[in-house]
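Peer 1: This is query.cif (mmCIF, C-alpha atoms and all ligand atoms).
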```
data_coords
loop_
_atom_site.label_atom_id
_atom_site.label_comp_id
_atom_site.auth_asym_id
_atom_site.auth_seq_id
_atom_site.Cartn_x
_atom_site.Cartn_y
_atom_site.Cartn_z
CA MET E 24 115.71 142.46 212.67
CA LYS E 25 117.16 139.24 214.04
CA LYS E 26 119.70 137.26 212.02
CA THR E 27 117.24 134.34 211.55
CA THR E 28 114.51 136.68 210.24
CA TRP E 29 116.97 138.12 207.70
CA SER E 30 117.89 134.60 206.55
CA LEU E 31 114.22 133.71 206.12
CA LEU E 32 113.61 136.88 204.12
CA LEU E 33 116.59 136.13 201.89
CA LEU E 34 115.40 132.57 201.28
CA CYS E 35 111.93 133.81 200.29
CA MET E 36 113.42 136.32 197.84
CA LEU E 37 115.57 133.59 196.28
CA GLY E 38 112.50 131.37 195.91
CA LEU E 39 110.56 134.13 194.20
CA LEU E 40 113.43 134.80 191.81
CA LEU E 41 113.64 131.13 190.81
CA ALA E 42 109.87 130.89 190.33
CA GLY E 43 109.94 133.78 187.88
CA CYS E 44 111.89 132.31 184.94
CA GLY E 45 111.00 134.08 181.72
CA LYS E 46 108.94 136.63 183.60
CA GLU E 47 108.04 139.76 181.71
CA THR E 48 108.74 142.95 183.59
CA THR E 49 105.12 144.17 183.84
CA GLU E 50 104.23 145.30 187.35
CA ALA E 51 100.88 143.55 187.47
CA GLU E 52 102.38 140.07 187.32
CA LYS E 53 103.24 138.72 190.74
CA PRO E 54 105.25 135.53 191.03
CA THR E 55 102.82 132.81 191.86
CA ALA E 56 103.18 129.60 193.75
CA THR E 57 101.45 127.72 190.92
CA PRO E 58 103.86 125.29 189.32
CA ALA E 59 104.30 126.39 185.72
CA VAL E 60 103.92 122.94 184.23
CA THR E 61 100.46 121.55 184.54
CA SER E 62 98.84 118.40 183.35
CA GLU E 63 95.21 118.34 182.43
CA ALA E 64 92.96 115.67 183.87
CA GLU E 65 91.52 113.23 181.39
CA PRO E 66 88.39 114.83 179.93
CA THR E 67 85.26 112.71 180.02
CA ASN E 68 84.48 113.14 176.35
CA THR E 69 87.58 114.16 174.44
CA PRO E 70 86.72 115.51 171.03
CA GLU E 71 88.77 113.69 168.43
CA PRO E 72 90.33 115.69 165.61
CA THR E 73 87.87 115.31 162.76
CA SER E 74 90.65 114.93 160.21
CA THR E 75 91.95 111.68 161.75
CA PRO E 76 91.33 108.96 159.22
CA GLU E 77 89.88 105.81 160.68
CA PRO E 78 91.84 102.75 159.60
CA THR E 79 89.77 99.84 158.41
CA PRO E 80 90.21 97.23 161.12
CA THR E 81 91.37 94.25 159.11
CA PRO E 82 93.64 91.84 160.93
CA THR E 83 97.37 91.74 160.44
CA ALA E 84 97.33 88.06 161.22
CA GLY E 85 100.15 85.95 159.89
CA LEU E 86 102.86 88.34 160.99
CA THR E 87 105.32 86.03 162.63
CA GLU E 88 108.17 88.48 162.83
CA SER E 89 108.63 91.87 164.32
CA LEU E 90 110.79 94.73 163.15
CA TYR E 91 112.15 95.60 166.55
CA GLN E 92 112.98 92.00 167.44
CA HIS E 93 114.65 91.49 164.10
CA TYR E 94 116.96 94.45 164.73
CA ALA E 95 117.25 94.02 168.48
CA ASP E 96 121.05 93.71 168.36
CA ASP E 97 121.46 96.68 166.04
CA PHE E 98 119.16 99.57 166.91
CA ARG E 99 115.73 100.47 168.23
CA PHE E 100 112.94 100.31 165.67
CA GLY E 101 110.20 102.89 166.09
CA THR E 102 107.25 104.68 164.60
CA CYS E 103 105.55 107.98 165.19
CA VAL E 104 102.10 107.80 166.71
CA ALA E 105 99.20 110.18 167.15
CA GLY E 106 97.08 109.83 170.27
CA ALA E 107 93.92 110.08 168.23
CA TYR E 108 94.49 106.79 166.44
CA LEU E 109 96.03 104.76 169.24
CA LYS E 110 92.50 104.08 170.45
CA TYR E 111 91.99 101.80 167.46
CA SER E 112 93.10 98.49 168.86
CA LYS E 113 94.35 97.23 165.49
CA VAL E 114 96.73 100.17 165.35
CA SER E 115 97.96 99.95 168.93
CA GLU E 116 98.38 96.16 168.68
CA LEU E 117 100.40 96.53 165.52
CA VAL E 118 102.61 99.19 167.13
CA LEU E 119 103.28 96.97 170.14
CA GLN E 120 103.99 93.97 167.94
CA GLN E 121 106.41 95.72 165.58
CA PHE E 122 108.07 98.63 167.39
CA ASN E 123 109.97 99.31 170.62
CA SER E 124 110.26 103.08 170.27
CA ILE E 125 107.71 105.78 169.56
CA THR E 126 107.74 109.48 168.77
CA CYS E 127 104.71 111.73 169.19
CA GLU E 128 103.80 112.86 165.68
CA ASN E 129 102.63 116.29 166.85
CA GLU E 130 101.80 116.13 170.54
CA MET E 131 105.15 117.24 171.97
CA LYS E 132 105.85 120.06 169.55
CA PRO E 133 105.96 123.57 171.01
CA ASP E 134 102.48 124.43 169.70
CA ALA E 135 101.12 121.43 171.60
CA LEU E 136 102.84 122.24 174.89
CA LEU E 137 102.99 126.03 175.08
CA ASP E 138 100.05 127.49 176.96
CA GLN E 139 99.29 131.04 175.83
CA TYR E 140 96.50 131.65 178.33
CA GLN E 141 98.61 130.65 181.32
CA SER E 142 101.73 132.34 179.95
CA ARG E 143 99.86 135.63 179.69
CA ALA E 144 98.20 135.16 183.07
CA GLN E 145 101.47 134.35 184.82
CA GLY E 146 103.74 136.62 182.77
CA LYS E 147 106.17 133.81 182.07
CA VAL E 148 106.38 130.84 179.74
CA VAL E 149 104.02 128.09 180.90
CA VAL E 150 104.04 124.58 179.50
CA THR E 151 100.91 122.43 179.81
CA PHE E 152 100.88 118.73 179.07
CA SER E 153 97.32 118.08 177.90
CA TYR E 154 95.52 114.75 177.85
CA ASN E 155 96.25 114.56 174.14
CA THR E 156 99.95 114.27 175.00
CA THR E 157 99.87 112.38 178.29
CA ARG E 158 97.68 109.59 176.91
CA ILE E 159 100.53 108.70 174.56
CA LEU E 160 103.20 108.96 177.27
CA ASP E 161 101.09 106.88 179.68
CA TRP E 162 100.49 104.26 177.03
CA ALA E 163 104.20 104.07 176.21
CA LYS E 164 105.09 103.75 179.86
CA GLN E 165 102.50 101.03 180.48
CA ASN E 166 103.76 99.05 177.52
CA ASN E 167 107.49 99.44 178.15
CA LEU E 168 108.12 101.40 174.99
CA LYS E 169 110.88 103.99 174.92
CA MET E 170 110.43 107.39 173.34
CA ARG E 171 112.18 109.97 171.20
CA GLY E 172 111.27 113.50 172.24
CA HIS E 173 110.33 115.69 169.29
CA VAL E 174 110.99 118.67 169.34
CA LEU E 175 112.25 121.59 171.46
CA VAL E 176 113.43 124.35 169.09
CA TRP E 177 111.89 124.60 165.63
CA HIS E 178 110.67 127.36 163.30
CA SER E 179 107.49 125.44 162.53
CA GLN E 180 104.60 124.39 164.79
CA THR E 181 105.80 126.98 167.31
CA PRO E 182 103.28 129.71 168.07
CA GLU E 183 104.06 133.24 166.93
CA TRP E 184 103.14 134.66 170.35
CA PHE E 185 106.00 132.73 171.96
CA PHE E 186 108.44 135.13 170.25
CA ARG E 187 106.47 138.31 170.86
CA GLU E 188 106.04 140.87 173.60
CA GLY E 189 103.30 140.22 176.11
CA PHE E 190 102.85 136.71 174.64
CA ARG E 191 100.58 138.45 172.12
CA ASN E 192 100.17 137.35 168.52
CA ASP E 193 100.61 140.97 167.39
CA GLY E 194 103.38 142.04 169.80
CA ALA E 195 106.83 143.06 168.58
CA LEU E 196 109.54 140.39 168.55
CA VAL E 197 111.18 140.28 171.99
CA SER E 198 114.86 140.98 172.64
CA ARG E 199 117.53 138.30 172.53
CA GLU E 200 117.86 138.54 176.28
CA GLU E 201 114.15 137.89 176.85
CA MET E 202 114.04 135.08 174.28
CA LEU E 203 116.93 133.36 176.01
CA ILE E 204 114.93 133.43 179.25
CA ARG E 205 111.89 132.00 177.43
CA MET E 206 113.96 129.30 175.76
CA GLU E 207 115.41 128.30 179.12
CA CYS E 208 112.03 128.33 180.81
CA TYR E 209 110.54 126.14 178.08
CA ILE E 210 113.34 123.60 177.94
CA GLN E 211 113.60 123.40 181.72
CA GLN E 212 109.87 122.78 182.15
CA VAL E 213 109.61 120.14 179.43
CA PHE E 214 112.50 118.11 180.85
CA ALA E 215 111.38 118.60 184.46
CA TYR E 216 107.86 117.39 183.71
CA CYS E 217 108.98 114.37 181.69
CA ASP E 218 111.56 113.40 184.27
CA SER E 219 109.21 113.68 187.21
CA LYS E 220 106.23 111.87 185.62
CA TYR E 221 108.02 109.58 183.19
CA PRO E 222 111.55 108.94 184.44
CA GLY E 223 113.58 106.89 181.99
CA LEU E 224 110.91 106.96 179.26
CA PHE E 225 112.84 109.18 176.85
CA TYR E 226 116.15 108.03 175.43
CA ALA E 227 116.68 110.85 172.92
CA TRP E 228 115.44 114.36 172.18
CA ASP E 229 115.51 116.46 169.05
CA VAL E 230 116.84 119.71 170.48
CA VAL E 231 116.89 121.72 167.25
CA ASN E 232 115.00 120.80 164.09
CA GLU E 233 115.52 122.02 160.52
CA ALA E 234 117.75 125.05 161.16
CA PHE E 235 119.56 124.94 157.80
CA THR E 236 118.37 125.86 154.33
CA ASP E 237 118.53 123.26 151.57
CA ASP E 238 120.88 125.25 149.35
CA GLY E 239 123.74 124.99 151.83
CA ASP E 240 123.80 128.79 152.10
CA GLY E 241 123.16 128.92 155.78
CA LEU E 242 120.44 129.17 158.35
CA ARG E 243 116.74 129.51 157.74
CA ASN E 244 115.39 133.01 158.42
CA SER E 245 113.17 131.89 161.30
CA ASN E 246 112.01 133.84 164.34
CA TRP E 247 114.78 132.09 166.26
CA TYR E 248 117.35 133.34 163.76
CA LYS E 249 115.87 136.84 163.59
CA ILE E 250 116.08 137.23 167.36
CA PHE E 251 119.35 135.42 168.10
CA GLY E 252 121.41 135.20 164.97
CA GLU E 253 123.06 131.85 164.46
CA ASP E 254 123.92 130.99 168.05
CA PHE E 255 120.33 130.04 168.94
CA ILE E 256 121.42 126.51 168.13
CA THR E 257 124.31 126.49 170.60
CA GLU E 258 122.15 128.13 173.26
CA ALA E 259 119.44 125.50 172.78
CA PHE E 260 121.94 122.66 173.14
CA ARG E 261 123.60 124.31 176.12
CA LEU E 262 120.24 124.56 177.91
CA ALA E 263 119.15 121.10 176.83
CA ARG E 264 122.36 119.64 178.25
CA LYS E 265 121.83 121.61 181.45
CA TYR E 266 118.30 120.28 182.04
CA ALA E 267 118.18 116.89 180.30
CA PRO E 268 118.35 113.97 182.72
CA SER E 269 121.60 112.08 182.36
CA GLY E 270 121.35 109.34 179.78
CA VAL E 271 119.03 111.30 177.49
CA LYS E 272 120.81 111.77 174.16
CA LEU E 273 120.60 115.15 172.40
CA PHE E 274 120.12 115.38 168.63
CA TYR E 275 120.21 117.88 165.80
CA ASN E 276 117.46 116.75 163.40
CA ASP E 277 116.89 117.78 159.77
CA PHE E 278 115.52 116.68 156.38
CA ASN E 279 117.44 116.48 153.08
CA THR E 280 120.58 115.96 155.11
CA TYR E 281 122.17 114.23 152.10
CA ILE E 282 121.66 116.85 149.41
CA ASN E 283 124.60 118.38 147.65
CA TYR E 284 123.48 121.20 145.40
CA SER E 285 126.69 123.20 145.50
CA ASN E 286 130.10 123.17 147.09
CA LYS E 287 128.50 124.59 150.27
CA THR E 288 126.28 121.67 151.03
CA LYS E 289 123.71 121.07 153.73
CA THR E 290 125.64 117.96 154.78
CA ASP E 291 128.79 120.06 155.29
CA ARG E 292 126.89 122.64 157.30
CA ILE E 293 125.52 119.99 159.61
CA CYS E 294 128.94 118.35 159.95
CA ASN E 295 130.50 121.70 160.94
CA LEU E 296 127.79 122.33 163.50
CA VAL E 297 128.09 118.86 165.00
CA THR E 298 131.89 119.12 165.20
CA LYS E 299 131.62 122.41 167.06
CA LEU E 300 128.88 121.23 169.46
CA LYS E 301 130.62 117.93 170.07
CA ALA E 302 133.84 119.70 171.05
CA GLU E 303 131.81 121.41 173.78
CA GLY E 304 130.16 118.16 174.85
CA LEU E 305 126.71 119.43 173.90
CA ILE E 306 125.49 116.97 171.24
CA ASP E 307 125.17 113.19 170.99
CA GLY E 308 123.88 112.64 167.51
CA VAL E 309 122.34 113.61 164.19
CA GLY E 310 118.74 112.82 163.36
CA MET E 311 118.23 112.18 159.66
CA GLN E 312 114.52 112.66 159.05
CA SER E 313 114.67 110.70 155.76
CA HIS E 314 111.51 111.70 153.92
CA LEU E 315 112.64 109.93 150.77
CA ASP E 316 111.29 108.97 147.36
CA VAL E 317 112.10 105.83 145.39
CA SER E 318 113.93 108.02 142.87
CA PHE E 319 115.74 110.43 145.20
CA PRO E 320 118.22 110.34 146.79
CA SER E 321 120.05 107.25 145.61
CA ALA E 322 120.44 104.59 148.29
CA ASP E 323 124.21 105.10 148.05
CA ALA E 324 123.99 108.86 148.63
CA PHE E 325 121.83 108.22 151.66
CA VAL E 326 124.18 105.59 153.07
CA ASN E 327 127.24 107.80 152.48
CA THR E 328 125.62 110.54 154.53
CA VAL E 329 124.94 108.13 157.38
CA ASN E 330 128.63 107.22 157.27
CA ARG E 331 129.78 110.84 157.18
CA PHE E 332 127.81 111.76 160.29
CA SER E 333 128.92 108.58 162.04
CA ALA E 334 132.55 109.42 161.28
CA LEU E 335 132.16 112.53 163.42
CA GLY E 336 131.96 110.21 166.43
CA VAL E 337 128.28 110.77 167.13
CA GLU E 338 125.20 108.56 166.94
CA VAL E 339 122.94 108.61 163.89
CA GLN E 340 119.21 108.08 164.22
CA ILE E 341 116.92 107.78 161.24
CA THR E 342 114.04 109.67 162.74
CA GLU E 343 111.17 110.02 160.23
CA LEU E 344 111.65 107.44 157.49
CA ASP E 345 109.09 107.27 154.68
CA VAL E 346 109.57 106.57 150.97
CA THR E 347 107.01 107.86 148.48
CA THR E 348 106.09 105.76 145.47
CA LYS E 349 103.30 105.03 143.00
CA PRO E 350 100.39 102.97 144.37
CA ASN E 351 100.66 99.96 142.06
CA ALA E 352 102.54 96.68 141.95
CA ALA E 353 105.57 98.26 140.23
CA GLY E 354 105.57 101.06 142.83
CA TRP E 355 105.50 98.60 145.77
CA GLU E 356 108.34 96.68 144.15
CA LYS E 357 110.48 99.79 143.70
CA GLN E 358 109.83 100.86 147.25
CA ALA E 359 110.79 97.43 148.57
CA LYS E 360 114.00 97.29 146.50
CA TYR E 361 115.01 100.81 147.52
CA LEU E 362 114.52 100.10 151.22
CA GLU E 363 116.24 96.76 150.91
CA SER E 364 119.28 98.43 149.40
CA ILE E 365 119.40 101.04 152.18
CA PHE E 366 118.90 98.54 155.00
CA LYS E 367 121.41 96.03 153.64
CA GLN E 368 124.10 98.70 153.60
CA ILE E 369 123.33 100.52 156.82
CA VAL E 370 123.03 97.32 158.82
CA LYS E 371 126.29 96.00 157.38
CA ASN E 372 128.01 99.33 158.12
CA ASP E 373 126.53 99.48 161.58
CA ARG E 374 127.84 95.99 162.30
CA ASN E 375 131.31 96.71 160.95
CA LYS E 376 131.33 100.08 162.80
CA THR E 377 131.47 102.28 159.69
CA ALA E 378 128.13 103.59 160.85
CA ASN E 379 126.76 104.18 164.31
CA ILE E 380 122.98 103.87 164.02
CA THR E 381 121.14 103.68 167.32
CA SER E 382 117.53 104.05 166.21
CA VAL E 383 115.35 103.86 163.08
CA THR E 384 111.86 105.35 163.16
CA VAL E 385 109.29 105.21 160.37
CA TRP E 386 107.03 108.25 160.20
CA GLY E 387 103.71 106.54 160.71
CA VAL E 388 102.12 103.16 161.16
CA SER E 389 100.33 102.82 157.83
CA ASP E 390 99.85 104.67 154.53
CA LYS E 391 96.42 105.86 155.57
CA LEU E 392 97.83 107.41 158.74
CA SER E 393 100.80 109.06 157.04
CA TRP E 394 101.21 112.81 156.55
CA ARG E 395 102.16 111.90 152.95
CA GLY E 396 99.45 109.23 152.68
CA SER E 397 98.53 110.00 149.07
CA GLN E 398 102.05 108.86 148.11
CA HIS E 399 101.89 105.57 150.04
CA PRO E 400 105.25 105.88 151.80
CA LEU E 401 105.07 103.37 154.66
CA LEU E 402 105.51 99.69 155.44
CA PHE E 403 101.83 98.88 156.03
CA ASP E 404 99.01 99.68 153.61
CA ASP E 405 95.74 101.53 154.23
CA ASN E 406 94.28 98.41 155.84
CA LEU E 407 97.30 97.82 158.07
CA ASN E 408 98.51 94.88 156.01
CA PRO E 409 102.25 94.53 155.41
CA LYS E 410 103.53 95.71 152.02
CA PRO E 411 106.51 94.26 150.14
CA ALA E 412 108.52 97.09 151.74
CA TYR E 413 107.86 95.57 155.16
CA TYR E 414 109.29 92.21 154.13
CA SER E 415 112.28 93.77 152.46
CA VAL E 416 113.16 95.68 155.63
CA LEU E 417 112.93 92.38 157.51
CA GLN E 418 115.34 90.56 155.19
C1 LIG E 501 104.52 116.47 160.38
C2 LIG E 501 103.37 115.63 160.90
O1 LIG E 501 103.53 114.31 160.44
C3 LIG E 501 102.05 116.20 160.38
O2 LIG E 501 100.96 115.53 160.98
C4 LIG E 501 101.98 117.70 160.70
O3 LIG E 501 100.80 118.22 160.09
C5 LIG E 501 103.19 118.43 160.17
O4 LIG E 501 104.36 117.83 160.72
N1 LIG E 501 109.54 117.12 159.79
C6 LIG E 501 109.30 116.96 161.13
C7 LIG E 501 107.99 116.42 161.59
O5 LIG E 501 110.22 117.17 161.94
O6 LIG E 501 107.62 116.95 162.83
C8 LIG E 501 106.92 116.67 160.57
O7 LIG E 501 105.73 116.02 161.02
C9 LIG E 501 107.34 116.19 159.20
C10 LIG E 501 108.57 116.92 158.75
#
```
When written as C-alpha cells, how does the structure in this file appear?

Peer 2:
Amino acid sequence: MKKTTWSLLLLCMLGLLLAGCGKETTEAEKPTATPAVTSEAEPTNTPEPTSTPEPTPTPTAGLTESLYQHYADDFRFGTCVAGAYLKYSKVSELVLQQFNSITCENEMKPDALLDQYQSRAQGKVVVTFSYNTTRILDWAKQNNLKMRGHVLVWHSQTPEWFFREGFRNDGALVSREEMLIRMECYIQQVFAYCDSKYPGLFYAWDVVNEAFTDDGDGLRNSNWYKIFGEDFITEAFRLARKYAPSGVKLFYNDFNTYINYSNKTKTDRICNLVTKLKAEGLIDGVGMQSHLDVSFPSADAFVNTVNRFSALGVEVQITELDVTTKPNAAGWEKQAKYLESIFKQIVKNDRNKTANITSVTVWGVSDKLSWRGSQHPLLFDDNLNPKPAYYSVLQ
C-alpha cells in the first residue's frame, strides 16, 4: 500500500476511536457517524407536566426596584426556573424584571439529558437536549440572562441504567474503568453542546452535588461512591476542567453546608475537599444550596460558613436559597427579619472582602412554584406578589 493510503487508513481509525467514547465492548455496536448529542425539534403540541401549578395571573405592578439591579455591584441575583411555567407571561416578566441569572430547576439534571434509548442503540453514553431544556436556554439567550449549570455528577435524579452494564436498569454495576469512560463522555457532551449552541451563556456549573453525609462522617453511599470510592469527585472536577470552556467557573454544591453535629463536621469535610481541589487548580467555588428555615440555622452560623469557604480563596455562590416559615403575618415577619439579617451581613462582608459571594439564587419564583411550596419559602407569594421577605432583601 502507498504511504498516502496508509495515512488515510490511520486517520480513519483515529476518528473511529474518538467517536467511540464510553463504548461498551459488544461486537454488534459499530461506531456511528451520528453525533452523540442531539437536540429535539420543537414539538407541535408539547404535553405539559400535569403537576405544574398554574400561577394566578395577578399583576406585580408597583414594583419599582429589581433584585438584580439592587445588587448589581455585588453579585448576580438569580432564580431557578422550570420550562413549563415560563410560558405564563406573568412569571417570565417577573423573572426578567427581578433576576439576571437562572438555573434550570430540573431540565439539566442527568435524568433530563441522558438518553437511554440512544445510549443502548449506540453502545455509548448519549446526551439529548430535549425541547423541555432548550426552550429555557433559548429564552435565557434571547433575554441576555446568564445561567448556572446544574448539575453534572449527583446521586439523585441520575438514572440507574447509567451505572449499569448494557445501559440496562437491571444490569450489574459497571467497573470503575467503564464508569470513568461514561463520566467523561457525559461531561464532554454536555459542555460541547452548550458551548456550540450557547457560547458564553453559562458562567458557572455545579460539577458535583451533595457528595457528603450530614453527620460529617464521610461520603454518601451512592452509585458513584460504590463504583469509584471517594475519588469520583476529583475525577469529575478533572474532566469538568478539561472540557469546560474557559471562563466557566466550577463548583462543589451541597445543602446543610453549615451544620456542625460533631467534631467531624460537614463544613470541615467540604473545606478539606476544596483545599485539595484548589491546590490542583480544579475548583473555583462552593455552592451553598441554603434550604433554610426561620429557626435553623441561625443567621450567624450561616454567615460564618460563607466566610469560612471564602477564606479558602474560592468564590461562594448561594445556589438554592429558600426559607420555610408559617403562612401568617408573624411567619412573613420572621422570614423577612431572618433574610434581612443574613443579607445585611453577607453584603457587608462581601464589600469588605471577608466574603467572596459572586451569585445568589433563590430556588423558585413564587411560593406556589416552589418544591417546598406548602412551607411558603420564597420572596413572592402564590399570586406572584412581593412578600415582606422581598422588601427586606432589597433593603
Ligand atoms: C429539586 C427540584 O426543585 C424539584 O422540582 C425536584 O422534584 C427535586 O429536586 N437540591 C438540589 C436541587 O440540588 O436540584 C433540588 O431541586 C433541591 C435540593

Peer 1: Go through the chains and note each residue within 10 Å of ligand LIG 501 (chain E), using only C-alpha atoms and all ligand atoms, then give the set as number ranges by chain.

Peer 2: E: 75, 103-105, 126-132, 173-174, 177, 179-180, 229, 231-233, 276-278, 310-314, 342-344, 386-387, 392-395

Peer 1: Interatomic distance between CA of Ser142 in chain E and CA of Arg261 in chain E?

Peer 2: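 Interatomic distance, CA of Ser142 in chain E to CA of Arg261 in chain E: 23.6 Å.
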
Peer 1: Can you tell me which residues surround Val339 in chain E at a distance of at most 6 Å, considering only C-alpha atoms, apart from same-chain residues fewer than 3 positions away, and format the answer as a list in words?

Peer 2: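 Final neighbour list, sorted by chain and number: Gly308, Val309, Gly310, Asn379 and Ile380 of chain E.
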
Peer 1: Please work out which residues fall within 12 Å of (124.1, 132.1, 155.4), coordinates as given in the file, with all atoms listed in the file counting, and return them as an NGL selection string.

Peer 2: :E and (234-244 or 248 or 252-253 or 287-289 or 292)

Peer 1: Report the closest atom pair, with its distance in Å rounded to one decimal, for each residue of range 154-255 of chain E that has an atom no farther than 12 Å from range 90-99 of chain E; count all atoms listed in the file, sort by chain and then rising residue number, and write it as JSON lines.

Peer 2:
```
{"residue": "E:Leu168", "atom": "CA", "partner": "E:Arg99", "partner_atom": "CA", "distance": 10.2}
{"residue": "E:Lys169", "atom": "CA", "partner": "E:Arg99", "partner_atom": "CA", "distance": 9.0}
{"residue": "E:Met170", "atom": "CA", "partner": "E:Arg99", "partner_atom": "CA", "distance": 10.1}
{"residue": "E:Arg171", "atom": "CA", "partner": "E:Arg99", "partner_atom": "CA", "distance": 10.6}
{"residue": "E:Tyr226", "atom": "CA", "partner": "E:Arg99", "partner_atom": "CA", "distance": 10.4}
{"residue": "E:Ala227", "atom": "CA", "partner": "E:Arg99", "partner_atom": "CA", "distance": 11.4}
```

Peer 1: Counting only C-alpha atoms, which residues come within 10 Å of (101.4, 107.0, 152.7), with the point read in the file's coordinates, and could you list them as JSON, numbers by chain?

Peer 2: {"E": [345, 346, 347, 348, 350, 386, 387, 388, 389, 390, 391, 392, 393, 394, 395, 396, 397, 398, 399, 400, 401, 402, 403, 404, 405]}
